[in-house]
Amino acid sequence: MEYCLTELQKSVKQMARTIAEEKILPVRAELDEKEEFPWAIIKNLAETDLLGVYIPEEYGGLGGGCLEFCLITEELSRACAGVAVSYAANALGSFTLLEYGSEEQKQKYLPDIAGGKKLTAFALTEETAGSDASAIKTTATRADGGYLINGTKQFITNGGEADIYTIVALTDREKGIRGASTLLVEKNTPGFTFGRKEKKLGIRTSATRELVFEDCLVPEENIIGREGMGFPMVMRLLDRSRPGIGAQAVGLAQGALEAAVDYAKQRNQFDQPVISFQAVSHMLANMATDVEAARALVYTAARTVDSGAKSFSMGSAMAKVFASDVAMRVTTDAIQIFGGVGYMRDYPVEKMMRDAKITQIYEGTNQILRDVIASGLRKKKAFE
Ligand code: COS
């Protein structure tokens, strides 16, 4: 399909593909097995400026937007979704700063993020606040010299590895979620430590860790925007980042589709390649159609984010829901086409299926996102 990509889009996509094929493919099974953070690959992404693709040129980035970010995420995910999410979580950790940060904050942090000198993470989720994001309990209380943070964040991607954390905490507990604010916390700030490192089904090279805050004092200037603006900021951040999860799902599904086609062409049964059986070739045809439909939706959602549209909740949610369901279906069918060997770790498709599952869960479960879409439908005055 022709997506009419710009020169910048074609070039970042190609660079990401080269890194994926030369640097990720040879080590993905080992990274998965050892559950090691892919620092060498993050370094490659920094050297090629891909880490700062969405950051404006004045702060050292490439000046791209959501679509460029999605193209890179998709290419990395085609090789390894665990590497792709480590890359994508860095953007999640810096989007709020980019959109709402003061000029001083941007000058201070963005050049190092764009250059890959500092990695970021975003922390919203807590034990009591998953789908119900408004149930956070972490507090940031005004104190001499800034805010005193107390609480524990759970399941934080890039946790322990990142240098800068964008966290959401209650600056006014009385007001509940309307008293939430977004703050930047740097690694090594006294009172900020890392708890349990999770052992996961998939995306095992990525780091998923608890963040523990015990009387952690951050300076007043670390608040992003105004006190009480935290929740709407986070909702908008998630609207902006969900096409990225869609792109991760599309990359995963594309990788599984390619592996299944290659295998079906070379695997002989009953004296012929299994792709010559209609039962198999129609499965592949459905997989290819699903992947292309998901890609078209993800790119359109990303272009809507980049268009400057005021609201893009529905399109972003649709892209994430549809693409992640496709990724789960296509990776599962890829194993089916491989048959018995697909279930073994010698081939990459079992890892792809394990990796795909999380795309239906994180950054809003597909159940919550169907609520977001339905709520958009309820609010719509007319269909264009
Ligand atoms: N953009 C901007 N503001 C938004 C918004 C959006 N997309 N969605 C909601 N808001 C605002 C609302 O306007 C409302 O503001 P006011 O207080 O001024 O009225 C406020 O946020 C609360 O909105 P709402 O009442 O709809 O929030 P709910 O508590 O019902 O939660 C859901 C809404 C379920 C959609 C939200 O909790 C959610 O997205 N959950 C999933 C969380 C998630 O994705 N977690 C994964 C994190 S991985 S990093």
# chains A, B, ... in the order shown; residues from 1 in each chain; ligands from 1
>>> select_by_dssp(residues="range 127-252 of chain A", states="strand (DSSP E)", output="number ranges by chain")
A: 139-143, 146-157, 164-170, 180-186, 192-197, 208-218, 223-224
>>> residues_around(residues="range 298-308 of chain A", least_positions_apart="3", cutoff="7 Å", atoms="only C-alpha atoms", output="PyMOL selection string")
chain A and resi 65-67+240+243+246-247+294-295+312+315-316+319
>>> write_last_selection(atoms="C-alpha atoms", output="JSON list (two decimals), in the first residue's frame")
[["chain", "number", "residue", "atom", "x", "y", "z"],
["A", 65, "GLY", "CA", 5.87, 14.05, 14.95],
["A", 66, "CYS", "CA", 3.69, 11.14, 15.93],
["A", 67, "LEU", "CA", 3.83, 9.47, 12.50],
["A", 240, "ARG", "CA", -1.06, 11.07, 21.87],
["A", 243, "PRO", "CA", -1.02, 5.24, 18.16],
["A", 246, "GLY", "CA", -0.80, 0.51, 17.67],
["A", 247, "ALA", "CA", 2.46, 0.81, 15.73],
["A", 294, "ALA", "CA", -4.27, -1.95, 11.21],
["A", 295, "ARG", "CA", -1.37, -0.06, 9.63],
["A", 312, "PHE", "CA", -7.99, 12.82, 18.95],
["A", 315, "GLY", "CA", -9.03, 7.74, 16.63],
["A", 316, "SER", "CA", -6.09, 6.97, 18.93],
["A", 319, "ALA", "CA", -5.96, 2.45, 16.36]]
>>> residues_around(residues="Ile224 in chain A", least_positions_apart="6", cutoff="6 Å", atoms="only C-alpha atoms", output="CSV table (one decimal) with all heavy atoms, in the first residue's frame")
chain,number,residue,atom,x,y,z
A,101,GLY,N,5.7,21.8,29.2
A,101,GLY,CA,6.8,22.3,30.0
A,101,GLY,C,7.1,23.8,29.7
A,101,GLY,O,6.8,24.3,28.7
A,182,THR,N,1.7,16.9,37.6
A,182,THR,CA,2.7,16.2,36.9
A,182,THR,C,4.1,16.8,37.3
A,182,THR,O,4.2,18.0,37.2
A,182,THR,CB,2.5,16.2,35.4
A,182,THR,OG1,1.2,15.8,35.1
A,182,THR,CG2,3.4,15.4,34.6
A,183,LEU,N,5.0,16.0,37.7
A,183,LEU,CA,6.3,16.5,38.2
A,183,LEU,C,7.4,15.6,37.6
A,183,LEU,O,7.3,14.5,37.3
A,183,LEU,CB,6.4,16.3,39.7
A,183,LEU,CG,5.4,17.1,40.5
A,183,LEU,CD1,4.5,16.2,41.3
A,183,LEU,CD2,6.1,18.1,41.5
>>> residues_around(residues="range 151-161 of chain A", least_positions_apart="4", cutoff="10 Å", atoms="only C-alpha atoms", output="JSON, numbers by chain")
{"A": [37, 39, 85, 86, 87, 88, 89, 90, 92, 93, 118, 119, 120, 121, 122, 123, 124, 125, 126, 127, 128, 129, 130, 136, 137, 138, 139, 140, 165, 167, 168, 169, 187, 192, 193, 194, 195, 196, 197, 198, 206, 207, 208, 209, 210, 211, 212, 213, 214, 215, 216, 362]}
>>> residues_near_ligand(ligand="ligand 1", cutoff="9 Å", atoms="only C-alpha atoms and all ligand atoms", output="NGL selection string")
:A and (89 or 92 or 122-125 or 129-135 or 155-157 or 177-178 or 229-239 or 241-242 or 311-314 or 361-365 or 368-369 or 371-372 or 375)
>>> decode(residues="range 145-159 of chain A", atoms="all heavy atoms", output="CSV table (one decimal), in the first residue's frame")
chain,number,residue,atom,x,y,z
A,145,GLY,N,11.2,24.4,50.0
A,145,GLY,CA,12.1,24.1,48.9
A,145,GLY,C,11.5,23.3,47.8
A,145,GLY,O,12.2,22.9,46.8
A,146,GLY,N,10.2,22.9,47.8
A,146,GLY,CA,9.6,22.2,46.7
A,146,GLY,C,8.4,21.4,47.1
A,146,GLY,O,7.5,21.7,47.9
A,147,TYR,N,8.4,20.1,46.6
A,147,TYR,CA,7.4,19.1,46.9
A,147,TYR,C,8.0,17.9,47.5
A,147,TYR,O,9.0,17.4,47.0
A,147,TYR,CB,6.6,18.8,45.6
A,147,TYR,CG,5.9,19.9,45.0
A,147,TYR,CD1,6.4,20.7,44.0
A,147,TYR,CD2,4.5,20.1,45.4
A,147,TYR,CE1,5.7,21.7,43.4
A,147,TYR,CE2,3.8,21.2,44.8
A,147,TYR,CZ,4.4,22.0,43.8
A,147,TYR,OH,3.7,23.0,43.3
A,148,LEU,N,7.3,17.4,48.5
A,148,LEU,CA,7.8,16.1,49.1
A,148,LEU,C,6.9,15.0,48.6
A,148,LEU,O,5.7,15.0,48.8
A,148,LEU,CB,7.6,16.3,50.6
A,148,LEU,CG,8.5,15.6,51.6
A,148,LEU,CD1,10.0,15.8,51.2
A,148,LEU,CD2,8.2,16.1,53.0
A,149,ILE,N,7.5,14.1,47.9
A,149,ILE,CA,6.7,13.0,47.2
A,149,ILE,C,6.8,11.7,48.1
A,149,ILE,O,7.8,11.3,48.6
A,149,ILE,CB,7.3,12.7,45.8
A,149,ILE,CG1,7.3,14.0,45.0
A,149,ILE,CG2,6.4,11.7,45.1
A,149,ILE,CD1,8.0,13.9,43.7
A,150,ASN,N,5.6,11.1,48.2
A,150,ASN,CA,5.5,9.8,48.9
A,150,ASN,C,4.5,8.9,48.2
A,150,ASN,O,3.4,9.3,47.8
A,150,ASN,CB,4.9,10.0,50.4
A,150,ASN,CG,6.0,10.5,51.3
A,150,ASN,OD1,7.0,9.7,51.7
A,150,ASN,ND2,6.0,11.8,51.7
A,151,GLY,N,4.9,7.7,48.0
A,151,GLY,CA,4.0,6.7,47.3
A,151,GLY,C,4.8,5.7,46.5
A,151,GLY,O,6.1,5.8,46.4
A,152,THR,N,4.1,4.8,45.9
A,152,THR,CA,4.8,3.8,45.0
A,152,THR,C,4.1,3.7,43.7
A,152,THR,O,2.9,3.5,43.6
A,152,THR,CB,4.8,2.4,45.8
A,152,THR,OG1,5.4,2.6,47.0
A,152,THR,CG2,5.5,1.3,45.0
A,153,LYS,N,4.9,3.7,42.7
A,153,LYS,CA,4.4,3.5,41.3
A,153,LYS,C,4.7,2.1,40.8
A,153,LYS,O,5.8,1.6,41.1
A,153,LYS,CB,5.0,4.6,40.3
A,153,LYS,CG,4.6,6.0,40.7
A,153,LYS,CD,3.2,6.3,40.3
A,153,LYS,CE,2.7,7.7,40.6
A,153,LYS,NZ,1.3,7.9,40.3
A,154,GLN,N,3.8,1.5,40.1
A,154,GLN,CA,3.9,0.1,39.7
A,154,GLN,C,4.0,-0.1,38.2
A,154,GLN,O,3.4,0.7,37.4
A,154,GLN,CB,2.7,-0.6,40.2
A,154,GLN,CG,2.8,-2.1,40.3
A,154,GLN,CD,1.5,-2.8,40.7
A,154,GLN,OE1,0.4,-2.4,40.3
A,154,GLN,NE2,1.6,-3.8,41.6
A,155,PHE,N,4.7,-1.1,37.8
A,155,PHE,CA,4.8,-1.5,36.4
A,155,PHE,C,5.3,-0.4,35.5
A,155,PHE,O,4.8,-0.1,34.4
A,155,PHE,CB,3.4,-1.9,35.8
A,155,PHE,CG,2.7,-3.0,36.5
A,155,PHE,CD1,1.3,-3.2,36.4
A,155,PHE,CD2,3.4,-4.0,37.2
A,155,PHE,CE1,0.6,-4.2,37.1
A,155,PHE,CE2,2.7,-5.0,37.9
A,155,PHE,CZ,1.4,-5.1,37.8
A,156,ILE,N,6.4,0.3,35.9
A,156,ILE,CA,6.9,1.4,35.1
A,156,ILE,C,7.9,1.0,34.1
A,156,ILE,O,9.0,0.5,34.5
A,156,ILE,CB,7.4,2.5,36.1
A,156,ILE,CG1,6.4,2.9,37.1
A,156,ILE,CG2,7.9,3.7,35.3
A,156,ILE,CD1,5.0,3.3,36.6
A,157,THR,N,7.6,1.1,32.8
A,157,THR,CA,8.5,0.8,31.7
A,157,THR,C,9.7,1.7,31.8
A,157,THR,O,9.5,2.9,31.9
A,157,THR,CB,7.7,0.9,30.4
A,157,THR,OG1,6.6,0.1,30.5
A,157,THR,CG2,8.6,0.3,29.3
A,158,ASN,N,10.9,1.1,31.6
A,158,ASN,CA,12.1,1.9,31.7
A,158,ASN,C,12.5,2.2,33.1
A,158,ASN,O,13.5,2.9,33.4
A,158,ASN,CB,12.2,3.1,30.9
A,158,ASN,CG,12.3,2.8,29.4
A,158,ASN,OD1,12.5,1.7,29.0
A,158,ASN,ND2,12.3,3.9,28.5
A,159,GLY,N,11.7,1.7,34.1
A,159,GLY,CA,12.0,1.9,35.5
A,159,GLY,C,13.4,1.4,35.9
A,159,GLY,O,13.7,0.3,35.5
